[in-house]
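Peer 1: For reference, the file data_17.pdb (PDB, C-alpha atoms) is included below:
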ATOM      1  CA  MET A  28    -127.857 -98.210 183.461  1.00  0.00           C
ATOM      2  CA  SER A  29    -127.566 -97.504 179.773  1.00  0.00           C
ATOM      3  CA  ALA A  30    -129.962 -97.299 176.856  1.00  0.00           C
ATOM      4  CA  GLU A  31    -127.889 -99.928 175.030  1.00  0.00           C
ATOM      5  CA  ARG A  32    -128.373-102.399 177.856  1.00  0.00           C
ATOM      6  CA  ASP A  33    -131.881-101.474 179.008  1.00  0.00           C
ATOM      7  CA  LYS A  34    -133.658-103.233 176.202  1.00  0.00           C
ATOM      8  CA  LEU A  35    -134.823-106.563 174.875  1.00  0.00           C
ATOM      9  CA  ALA A  36    -132.596-108.263 172.331  1.00  0.00           C
ATOM     10  CA  GLU A  37    -134.873-111.285 171.968  1.00  0.00           C
ATOM     11  CA  VAL A  38    -138.405-112.291 172.892  1.00  0.00           C
ATOM     12  CA  ARG A  39    -139.531-115.897 172.959  1.00  0.00           C
ATOM     13  CA  LEU A  40    -143.088-117.082 173.320  1.00  0.00           C
ATOM     14  CA  ASP A  41    -143.471-120.438 175.040  1.00  0.00           C
ATOM     15  CA  GLU A  42    -144.855-122.607 172.266  1.00  0.00           C
ATOM     16  CA  GLY A  43    -146.604-124.790 174.840  1.00  0.00           C
ATOM     17  CA  SER A  44    -148.461-121.719 176.130  1.00  0.00           C
ATOM     18  CA  LEU A  45    -149.515-120.436 172.723  1.00  0.00           C
ATOM     19  CA  ALA A  46    -153.132-120.972 171.894  1.00  0.00           C
ATOM     20  CA  PRO A  47    -154.096-121.699 168.284  1.00  0.00           C
ATOM     21  CA  ALA A  48    -154.544-118.406 166.468  1.00  0.00           C
ATOM     22  CA  SER A  49    -156.371-117.282 163.380  1.00  0.00           C
ATOM     23  CA  PRO A  50    -154.224-115.962 160.522  1.00  0.00           C
ATOM     24  CA  ASN A  51    -155.110-112.390 161.555  1.00  0.00           C
ATOM     25  CA  LEU A  52    -154.055-112.961 165.166  1.00  0.00           C
ATOM     26  CA  GLU A  53    -150.903-114.737 164.031  1.00  0.00           C
ATOM     27  CA  GLN A  54    -150.060-111.665 161.933  1.00  0.00           C
ATOM     28  CA  GLU A  55    -150.658-109.397 164.980  1.00  0.00           C
ATOM     29  CA  ARG A  56    -148.265-111.610 166.942  1.00  0.00           C
ATOM     30  CA  ARG A  57    -145.544-111.381 164.270  1.00  0.00           C
ATOM     31  CA  ILE A  58    -145.901-107.600 163.957  1.00  0.00           C
ATOM     32  CA  ALA A  59    -145.785-107.114 167.742  1.00  0.00           C
ATOM     33  CA  LEU A  60    -142.619-109.232 167.995  1.00  0.00           C
ATOM     34  CA  PHE A  61    -140.963-107.356 165.130  1.00  0.00           C
ATOM     35  CA  ASP A  62    -141.930-103.917 166.465  1.00  0.00           C
ATOM     36  CA  LEU A  63    -140.901-104.838 169.995  1.00  0.00           C
ATOM     37  CA  LEU A  64    -137.424-105.875 168.908  1.00  0.00           C
ATOM     38  CA  GLU A  65    -137.034-102.826 166.657  1.00  0.00           C
ATOM     39  CA  SER A  66    -137.678-100.400 169.494  1.00  0.00           C
ATOM     40  CA  ASN A  67    -138.109-101.052 173.207  1.00  0.00           C
ATOM     41  CA  SER A  68    -137.116 -99.935 176.652  1.00  0.00           C
ATOM     42  CA  PHE A  69    -136.819-102.739 179.191  1.00  0.00           C
ATOM     43  CA  ALA A  70    -134.834-102.743 182.416  1.00  0.00           C
ATOM     44  CA  VAL A  71    -134.721-104.835 185.558  1.00  0.00           C
ATOM     45  CA  PRO A  72    -134.461-102.636 188.665  1.00  0.00           C
ATOM     46  CA  GLY A  73    -131.165-103.191 190.450  1.00  0.00           C
ATOM     47  CA  GLN A  74    -129.666-105.048 187.486  1.00  0.00           C
ATOM     48  CA  ASP A  75    -127.457-103.940 184.616  1.00  0.00           C
ATOM     49  CA  ARG A  76    -127.140-107.201 182.700  1.00  0.00           C
ATOM     50  CA  GLY A  77    -128.919-106.455 179.433  1.00  0.00           C
ATOM     51  CA  PRO A  78    -129.767-106.437 176.727  1.00  0.00           C
ATOM     52  CA  TYR A  79    -132.194-109.079 177.894  1.00  0.00           C
ATOM     53  CA  THR A  80    -134.028-112.046 176.484  1.00  0.00           C
ATOM     54  CA  LEU A  81    -137.639-112.285 177.609  1.00  0.00           C
ATOM     55  CA  GLU A  82    -139.470-115.581 177.608  1.00  0.00           C
ATOM     56  CA  LEU A  83    -143.242-115.196 177.915  1.00  0.00           C
ATOM     57  CA  GLY A  84    -145.468-118.094 178.848  1.00  0.00           C
ATOM     58  CA  MET A  85    -148.302-119.175 181.048  1.00  0.00           C
ATOM     59  CA  HIS A  86    -147.941-120.839 184.447  1.00  0.00           C
ATOM     60  CA  ASP A  87    -151.059-121.996 186.329  1.00  0.00           C
ATOM     61  CA  GLY A  88    -153.220-119.420 184.556  1.00  0.00           C
ATOM     62  CA  ARG A  89    -150.792-116.583 185.244  1.00  0.00           C
ATOM     63  CA  LEU A  90    -148.288-114.819 183.045  1.00  0.00           C
ATOM     64  CA  ALA A  91    -144.702-115.998 183.436  1.00  0.00           C
ATOM     65  CA  LEU A  92    -141.947-113.583 182.447  1.00  0.00           C
ATOM     66  CA  ARG A  93    -138.516-115.185 182.499  1.00  0.00           C
ATOM     67  CA  ILE A  94    -135.760-112.632 182.054  1.00  0.00           C
ATOM     68  CA  ILE A  95    -132.341-113.774 180.861  1.00  0.00           C
ATOM     69  CA  SER A  96    -129.180-111.657 180.859  1.00  0.00           C
ATOM     70  CA  ALA A  97    -126.998-110.888 177.839  1.00  0.00           C
ATOM     71  CA  ASP A  98    -124.612-113.659 178.938  1.00  0.00           C
ATOM     72  CA  GLY A  99    -127.423-116.240 179.004  1.00  0.00           C
ATOM     73  CA  GLN A 100    -127.877-116.391 182.769  1.00  0.00           C
ATOM     74  CA  GLY A 101    -131.331-116.298 184.309  1.00  0.00           C
ATOM     75  CA  VAL A 102    -131.920-112.951 186.003  1.00  0.00           C
ATOM     76  CA  ILE A 103    -135.385-113.445 187.446  1.00  0.00           C
ATOM     77  CA  THR A 104    -138.772-114.965 186.722  1.00  0.00           C
ATOM     78  CA  HIS A 105    -141.923-113.078 187.593  1.00  0.00           C
ATOM     79  CA  ILE A 106    -145.295-114.794 187.777  1.00  0.00           C
ATOM     80  CA  VAL A 107    -147.950-112.114 187.325  1.00  0.00           C
ATOM     81  CA  SER A 108    -151.713-112.374 187.695  1.00  0.00           C
ATOM     82  CA  LEU A 109    -153.646-111.582 184.540  1.00  0.00           C
ATOM     83  CA  SER A 110    -156.640-110.398 186.569  1.00  0.00           C
ATOM     84  CA  PRO A 111    -155.900-106.688 186.010  1.00  0.00           C
ATOM     85  CA  VAL A 112    -155.879-107.152 182.213  1.00  0.00           C
ATOM     86  CA  ARG A 113    -158.300-110.061 181.734  1.00  0.00           C
ATOM     87  CA  LYS A 114    -161.267-107.854 180.750  1.00  0.00           C
ATOM     88  CA  LEU A 115    -159.019-105.805 178.457  1.00  0.00           C
ATOM     89  CA  ILE A 116    -157.849-109.017 176.746  1.00  0.00           C
ATOM     90  CA  LYS A 117    -161.459-110.052 176.176  1.00  0.00           C
ATOM     91  CA  ASP A 118    -162.323-106.578 174.847  1.00  0.00           C
ATOM     92  CA  TYR A 119    -159.232-106.635 172.631  1.00  0.00           C
ATOM     93  CA  PHE A 120    -160.375-109.841 170.933  1.00  0.00           C
ATOM     94  CA  LEU A 121    -163.868-108.440 170.412  1.00  0.00           C
ATOM     95  CA  ILE A 122    -162.586-105.227 168.888  1.00  0.00           C
ATOM     96  CA  CYS A 123    -160.131-107.150 166.691  1.00  0.00           C
ATOM     97  CA  GLU A 124    -163.002-109.284 165.375  1.00  0.00           C
ATOM     98  CA  SER A 125    -164.944-106.112 164.573  1.00  0.00           C
ATOM     99  CA  TYR A 126    -161.909-104.582 162.900  1.00  0.00           C
ATOM    100  CA  TYR A 127    -161.198-107.610 160.700  1.00  0.00           C
ATOM    101  CA  ALA A 128    -164.857-107.843 159.714  1.00  0.00           C
ATOM    102  CA  ALA A 129    -164.935-104.115 158.926  1.00  0.00           C
ATOM    103  CA  ILE A 130    -161.853-104.100 156.708  1.00  0.00           C
ATOM    104  CA  ARG A 131    -163.624-106.491 154.346  1.00  0.00           C
ATOM    105  CA  ASN A 132    -166.552-104.243 153.514  1.00  0.00           C
ATOM    106  CA  ALA A 133    -167.076-101.283 155.857  1.00  0.00           C
ATOM    107  CA  PRO A 134    -166.546 -97.672 154.836  1.00  0.00           C
ATOM    108  CA  PRO A 135    -163.157 -96.152 155.742  1.00  0.00           C
ATOM    109  CA  ALA A 136    -164.665 -93.929 158.456  1.00  0.00           C
ATOM    110  CA  GLN A 137    -166.028 -96.975 160.300  1.00  0.00           C
ATOM    111  CA  ILE A 138    -162.703 -98.820 160.005  1.00  0.00           C
ATOM    112  CA  GLU A 139    -160.882 -95.759 161.345  1.00  0.00           C
ATOM    113  CA  ALA A 140    -163.291 -95.463 164.293  1.00  0.00           C
ATOM    114  CA  ILE A 141    -162.806 -99.118 165.226  1.00  0.00           C
ATOM    115  CA  ASP A 142    -159.035 -98.757 164.883  1.00  0.00           C
ATOM    116  CA  MET A 143    -159.088 -95.700 167.173  1.00  0.00           C
ATOM    117  CA  GLY A 144    -160.965 -97.774 169.745  1.00  0.00           C
ATOM    118  CA  ARG A 145    -158.417-100.533 169.395  1.00  0.00           C
ATOM    119  CA  ARG A 146    -155.549 -98.085 169.932  1.00  0.00           C
ATOM    120  CA  GLY A 147    -157.316 -96.631 172.978  1.00  0.00           C
ATOM    121  CA  LEU A 148    -157.749-100.096 174.451  1.00  0.00           C
ATOM    122  CA  HIS A 149    -154.058-100.804 173.807  1.00  0.00           C
ATOM    123  CA  ASN A 150    -153.126 -97.600 175.644  1.00  0.00           C
ATOM    124  CA  GLU A 151    -155.290 -98.517 178.629  1.00  0.00           C
ATOM    125  CA  ALA A 152    -153.865-102.041 178.718  1.00  0.00           C
ATOM    126  CA  ALA A 153    -150.302-100.688 178.536  1.00  0.00           C
ATOM    127  CA  ASP A 154    -150.980 -98.477 181.564  1.00  0.00           C
ATOM    128  CA  VAL A 155    -152.452-101.390 183.533  1.00  0.00           C
ATOM    129  CA  LEU A 156    -149.553-103.647 182.542  1.00  0.00           C
ATOM    130  CA  MET A 157    -146.977-101.027 183.576  1.00  0.00           C
ATOM    131  CA  ARG A 158    -148.641-100.762 186.996  1.00  0.00           C
ATOM    132  CA  ALA A 159    -148.743-104.566 187.362  1.00  0.00           C
ATOM    133  CA  LEU A 160    -145.014-104.776 186.590  1.00  0.00           C
ATOM    134  CA  ASP A 161    -144.013-101.716 188.634  1.00  0.00           C
ATOM    135  CA  GLY A 162    -140.949-102.499 190.721  1.00  0.00           C
ATOM    136  CA  LYS A 163    -140.339-105.709 188.756  1.00  0.00           C
ATOM    137  CA  VAL A 164    -139.582-104.388 185.277  1.00  0.00           C
ATOM    138  CA  ALA A 165    -139.170-100.837 183.993  1.00  0.00           C
ATOM    139  CA  LEU A 166    -140.574-100.344 180.517  1.00  0.00           C
ATOM    140  CA  ASP A 167    -141.922 -97.532 178.420  1.00  0.00           C
ATOM    141  CA  HIS A 168    -145.472 -97.177 177.148  1.00  0.00           C
ATOM    142  CA  GLU A 169    -144.789 -98.465 173.615  1.00  0.00           C
ATOM    143  CA  THR A 170    -142.987-101.530 174.973  1.00  0.00           C
ATOM    144  CA  ALA A 171    -145.955-102.204 177.287  1.00  0.00           C
ATOM    145  CA  ARG A 172    -148.368-101.882 174.337  1.00  0.00           C
ATOM    146  CA  ARG A 173    -146.469-104.487 172.356  1.00  0.00           C
ATOM    147  CA  LEU A 174    -146.159-106.792 175.359  1.00  0.00           C
ATOM    148  CA  PHE A 175    -149.924-106.600 175.785  1.00  0.00           C
ATOM    149  CA  THR A 176    -150.347-107.824 172.201  1.00  0.00           C
ATOM    150  CA  LEU A 177    -148.052-110.762 172.945  1.00  0.00           C
ATOM    151  CA  ILE A 178    -149.903-111.529 176.171  1.00  0.00           C
ATOM    152  CA  CYS A 179    -153.079-111.632 174.090  1.00  0.00           C
ATOM    153  CA  ALA A 180    -151.308-114.043 171.721  1.00  0.00           C
ATOM    154  CA  LEU A 181    -150.891-116.396 174.656  1.00  0.00           C
ATOM    155  CA  GLN A 182    -154.613-116.131 175.346  1.00  0.00           C
ATOM    156  CA  ALA A 183    -155.887-116.236 171.740  1.00  0.00           C
ATOM    157  CA  ARG A 184    -158.422-118.790 170.679  1.00  0.00           C
ATOM    158  CA  GLY A 185    -158.339-118.746 166.887  1.00  0.00           C
TER     159      GLY A 185
END
As a first step, turn the structure in this file into structure tokens.
Peer 2:
Amino acid sequence: MSAERDKLAEVRLDEGSLAPASPNLEQERRIALFDLLESNSFAVPGQDRGPYTLELGMHDGRLALRIISADGQGVITHIVSLSPVRKLIKDYFLICESYYAAIRNAPPAQIEAIDMGRRGLHNEAADVLMRALDGKVALDHETARRLFTLICALQARG
């Protein structure tokens, strides 16, 4: 295994799975995709066929992760229950609404407090996501944080 190969080279969101998003949520989606591709750690246990392409979508209410090798061959598809992160997704949308409302007219201290809460929720969600994918995909905490944002993008109701 090598750092050059244990990463994502491309991430695709299934357009059919994407819910309509507000401009703010669309911006979150774009930033998460950009950040994820700039820096990530992503490996498939027992495989050394990266860098990988990850296709994220929904399948019967569950998260579908289709992993494709550097040579374009399908490596594996995992269908993962969203139950462990469903409450965190709901909380994420609530805190994002508060954050976007606050940046319009709240004092900086209040915006910072909301943003700290948002970061804390992201950290918790990353930990839950890493546990849910344990044995299926090896990823670092920052990669899991960004994947959580993209999973939320699939759930967003603008």
Peer 1: Hey, what comes out of the PyMOL selection byres ((chain A and resi 110-124) around 8) on this file? Could you write it as a list in words?
Peer 2: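 For this structure, the PyMOL selection byres ((chain A and resi 110-124) around 8) resolves to Ser108, Leu109, Ser125, Tyr126, Tyr127, Ala128, Ile141, Gly144, Arg145, Leu148, His149, Ala152, Val155, Leu156, Ala159, Cys179, Gln182 and Ala183 of chain A.
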Peer 1: I need the chosen residues saved as a short mmCIF file (atom, residue, chain, number, x, y, z; two decimals), in the coordinates of the input, with C-alpha atoms.
Peer 2:
data_model
loop_
_atom_site.label_atom_id
_atom_site.label_comp_id
_atom_site.auth_asym_id
_atom_site.auth_seq_id
_atom_site.Cartn_x
_atom_site.Cartn_y
_atom_site.Cartn_z
CA SER A 108 -151.71 -112.37 187.70
CA LEU A 109 -153.65 -111.58 184.54
CA SER A 125 -164.94 -106.11 164.57
CA TYR A 126 -161.91 -104.58 162.90
CA TYR A 127 -161.20 -107.61 160.70
CA ALA A 128 -164.86 -107.84 159.71
CA ILE A 141 -162.81 -99.12 165.23
CA GLY A 144 -160.96 -97.77 169.74
CA ARG A 145 -158.42 -100.53 169.40
CA LEU A 148 -157.75 -100.10 174.45
CA HIS A 149 -154.06 -100.80 173.81
CA ALA A 152 -153.86 -102.04 178.72
CA VAL A 155 -152.45 -101.39 183.53
CA LEU A 156 -149.55 -103.65 182.54
CA ALA A 159 -148.74 -104.57 187.36
CA CYS A 179 -153.08 -111.63 174.09
CA GLN A 182 -154.61 -116.13 175.35
CA ALA A 183 -155.89 -116.24 171.74
#
Peer 1: Please measure the separation of CA of Ile138 in chain A and CA of Ser49 in chain A, giving the value in Å to one decimal.
Peer 2: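 Interatomic distance, CA of Ile138 in chain A to CA of Ser49 in chain A: 19.8 Å.
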Peer 1: Please write as a PDB file with C-alpha atoms, in the frame of the given file the full residue list that the PyMOL selection byres ((chain A and resi 78-86) around 6) yields on this file.
Peer 2:
ATOM      1  CA  ARG A  32    -128.373-102.399 177.856  1.00  0.00           C
ATOM      2  CA  ASP A  33    -131.881-101.474 179.008  1.00  0.00           C
ATOM      3  CA  LYS A  34    -133.658-103.233 176.202  1.00  0.00           C
ATOM      4  CA  LEU A  35    -134.823-106.563 174.875  1.00  0.00           C
ATOM      5  CA  ALA A  36    -132.596-108.263 172.331  1.00  0.00           C
ATOM      6  CA  GLU A  37    -134.873-111.285 171.968  1.00  0.00           C
ATOM      7  CA  VAL A  38    -138.405-112.291 172.892  1.00  0.00           C
ATOM      8  CA  ARG A  39    -139.531-115.897 172.959  1.00  0.00           C
ATOM      9  CA  LEU A  40    -143.088-117.082 173.320  1.00  0.00           C
ATOM     10  CA  ASP A  41    -143.471-120.438 175.040  1.00  0.00           C
ATOM     11  CA  SER A  44    -148.461-121.719 176.130  1.00  0.00           C
ATOM     12  CA  GLY A  77    -128.919-106.455 179.433  1.00  0.00           C
ATOM     13  CA  ASP A  87    -151.059-121.996 186.329  1.00  0.00           C
ATOM     14  CA  GLY A  88    -153.220-119.420 184.556  1.00  0.00           C
ATOM     15  CA  ARG A  89    -150.792-116.583 185.244  1.00  0.00           C
ATOM     16  CA  LEU A  90    -148.288-114.819 183.045  1.00  0.00           C
ATOM     17  CA  ALA A  91    -144.702-115.998 183.436  1.00  0.00           C
ATOM     18  CA  LEU A  92    -141.947-113.583 182.447  1.00  0.00           C
ATOM     19  CA  ARG A  93    -138.516-115.185 182.499  1.00  0.00           C
ATOM     20  CA  ILE A  94    -135.760-112.632 182.054  1.00  0.00           C
ATOM     21  CA  ILE A  95    -132.341-113.774 180.861  1.00  0.00           C
ATOM     22  CA  SER A  96    -129.180-111.657 180.859  1.00  0.00           C
ATOM     23  CA  ALA A  97    -126.998-110.888 177.839  1.00  0.00           C
TER      24      ALA A  97
END
Peer 1: May I ask which of the residues A:Ile103, A:Leu166, A:Leu181, A:Leu63 is the closest one to Arg76 in chain A, counting only C-alpha atoms?
Peer 2: A:Ile103
Peer 1: For a test of reading the model, state the distance in Å between CA of Asp62 in chain A and CA of Arg173 in chain A, rounded to one decimal.
Peer 2: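 Computing it gives 7.5 Å between the two atoms.
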Peer 1: Mind pulling up the distance from CA of Ala140 in chain A to CA of Leu174 in chain A?
Peer 2: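 Taking CA of Leu174 in chain A and CA of Ala140 in chain A, their separation equals 23.3 Å.
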Peer 1: Considering all atoms listed in the file, can you say which of A:Ala180, A:Asp142, A:Pro72, A:Val102 comes closest to Ile130 in chain A?
Peer 2: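 Among A:Ala180, A:Asp142, A:Pro72, A:Val102, it is A:Asp142 that comes nearest to Ile130 in chain A.
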Peer 1: With all atoms listed in the file as the counted atoms, please give the residues lying no more than 8 Å from Ala153 in chain A, apart from itself and same-chain residues fewer than 4 positions off, as a JSON list (two decimals) with C-alpha atoms, in the frame of the given file.
Peer 2:
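Resulting contents of result-v8.json:
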[["chain", "number", "residue", "atom", "x", "y", "z"],
["A", 149, "HIS", "CA", -154.06, -100.80, 173.81],
["A", 157, "MET", "CA", -146.98, -101.03, 183.58],
["A", 168, "HIS", "CA", -145.47, -97.18, 177.15],
["A", 169, "GLU", "CA", -144.79, -98.46, 173.62],
["A", 171, "ALA", "CA", -145.96, -102.20, 177.29],
["A", 172, "ARG", "CA", -148.37, -101.88, 174.34],
["A", 175, "PHE", "CA", -149.92, -106.60, 175.78]]
Peer 1: Looking at only C-alpha atoms, which of A:Ala165, A:Ile106, A:Leu177, A:Ala129 is the one that sits closest to Asn67 in chain A?
Peer 2: A:Ala165
Peer 1: My structure is short of atoms at range 41-55 of chain A; please model N, CA, C and O atoms there, returning them as a PDB file, in the frame of the given file.
Peer 2:
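out-v1.pdb written:
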ATOM      1  N   ASP A  41    -143.432-119.016 174.723  1.00  0.00           N
ATOM      2  CA  ASP A  41    -143.471-120.438 175.040  1.00  0.00           C
ATOM      3  C   ASP A  41    -144.488-121.115 174.130  1.00  0.00           C
ATOM      4  O   ASP A  41    -145.688-120.859 174.229  1.00  0.00           O
ATOM      5  N   GLU A  42    -143.984-121.940 173.235  1.00  0.00           N
ATOM      6  CA  GLU A  42    -144.855-122.607 172.266  1.00  0.00           C
ATOM      7  C   GLU A  42    -145.939-123.442 172.952  1.00  0.00           C
ATOM      8  O   GLU A  42    -147.049-123.552 172.449  1.00  0.00           O
ATOM      9  N   GLY A  43    -145.622-124.004 174.105  1.00  0.00           N
ATOM     10  CA  GLY A  43    -146.604-124.790 174.840  1.00  0.00           C
ATOM     11  C   GLY A  43    -147.732-123.942 175.415  1.00  0.00           C
ATOM     12  O   GLY A  43    -148.815-124.428 175.688  1.00  0.00           O
ATOM     13  N   SER A  44    -147.454-122.638 175.593  1.00  0.00           N
ATOM     14  CA  SER A  44    -148.461-121.719 176.130  1.00  0.00           C
ATOM     15  C   SER A  44    -149.305-121.078 175.039  1.00  0.00           C
ATOM     16  O   SER A  44    -150.355-120.533 175.321  1.00  0.00           O
ATOM     17  N   LEU A  45    -148.812-121.111 173.806  1.00  0.00           N
ATOM     18  CA  LEU A  45    -149.515-120.436 172.723  1.00  0.00           C
ATOM     19  C   LEU A  45    -150.794-121.169 172.360  1.00  0.00           C
ATOM     20  O   LEU A  45    -150.777-122.369 172.106  1.00  0.00           O
ATOM     21  N   ALA A  46    -151.857-120.421 172.341  1.00  0.00           N
ATOM     22  CA  ALA A  46    -153.132-120.972 171.894  1.00  0.00           C
ATOM     23  C   ALA A  46    -153.167-120.915 170.371  1.00  0.00           C
ATOM     24  O   ALA A  46    -152.486-120.097 169.762  1.00  0.00           O
ATOM     25  N   PRO A  47    -153.952-121.788 169.741  1.00  0.00           N
ATOM     26  CA  PRO A  47    -154.096-121.699 168.284  1.00  0.00           C
ATOM     27  C   PRO A  47    -154.644-120.322 167.914  1.00  0.00           C
ATOM     28  O   PRO A  47    -155.514-119.793 168.605  1.00  0.00           O
ATOM     29  N   ALA A  48    -154.121-119.752 166.854  1.00  0.00           N
ATOM     30  CA  ALA A  48    -154.544-118.406 166.468  1.00  0.00           C
ATOM     31  C   ALA A  48    -155.008-118.395 165.023  1.00  0.00           C
ATOM     32  O   ALA A  48    -154.517-119.142 164.188  1.00  0.00           O
ATOM     33  N   SER A  49    -155.931-117.500 164.751  1.00  0.00           N
ATOM     34  CA  SER A  49    -156.371-117.282 163.380  1.00  0.00           C
ATOM     35  C   SER A  49    -155.225-116.625 162.609  1.00  0.00           C
ATOM     36  O   SER A  49    -154.289-116.091 163.214  1.00  0.00           O
ATOM     37  N   PRO A  50    -155.279-116.636 161.295  1.00  0.00           N
ATOM     38  CA  PRO A  50    -154.224-115.962 160.522  1.00  0.00           C
ATOM     39  C   PRO A  50    -154.072-114.484 160.904  1.00  0.00           C
ATOM     40  O   PRO A  50    -152.955-113.976 160.975  1.00  0.00           O
ATOM     41  N   ASN A  51    -155.189-113.806 161.168  1.00  0.00           N
ATOM     42  CA  ASN A  51    -155.110-112.390 161.555  1.00  0.00           C
ATOM     43  C   ASN A  51    -154.392-112.222 162.887  1.00  0.00           C
ATOM     44  O   ASN A  51    -153.550-111.330 163.038  1.00  0.00           O
ATOM     45  N   LEU A  52    -154.711-113.066 163.866  1.00  0.00           N
ATOM     46  CA  LEU A  52    -154.055-112.961 165.166  1.00  0.00           C
ATOM     47  C   LEU A  52    -152.593-113.380 165.087  1.00  0.00           C
ATOM     48  O   LEU A  52    -151.741-112.801 165.770  1.00  0.00           O
ATOM     49  N   GLU A  53    -152.300-114.334 164.238  1.00  0.00           N
ATOM     50  CA  GLU A  53    -150.903-114.737 164.031  1.00  0.00           C
ATOM     51  C   GLU A  53    -150.110-113.574 163.434  1.00  0.00           C
ATOM     52  O   GLU A  53    -148.967-113.323 163.820  1.00  0.00           O
ATOM     53  N   GLN A  54    -150.717-112.846 162.522  1.00  0.00           N
ATOM     54  CA  GLN A  54    -150.060-111.665 161.933  1.00  0.00           C
ATOM     55  C   GLN A  54    -149.833-110.593 163.005  1.00  0.00           C
ATOM     56  O   GLN A  54    -148.763-109.979 163.044  1.00  0.00           O
ATOM     57  N   GLU A  55    -150.813-110.365 163.874  1.00  0.00           N
ATOM     58  CA  GLU A  55    -150.658-109.397 164.980  1.00  0.00           C
ATOM     59  C   GLU A  55    -149.472-109.795 165.845  1.00  0.00           C
ATOM     60  O   GLU A  55    -148.684-108.954 166.263  1.00  0.00           O
TER      61      GLU A  55
END
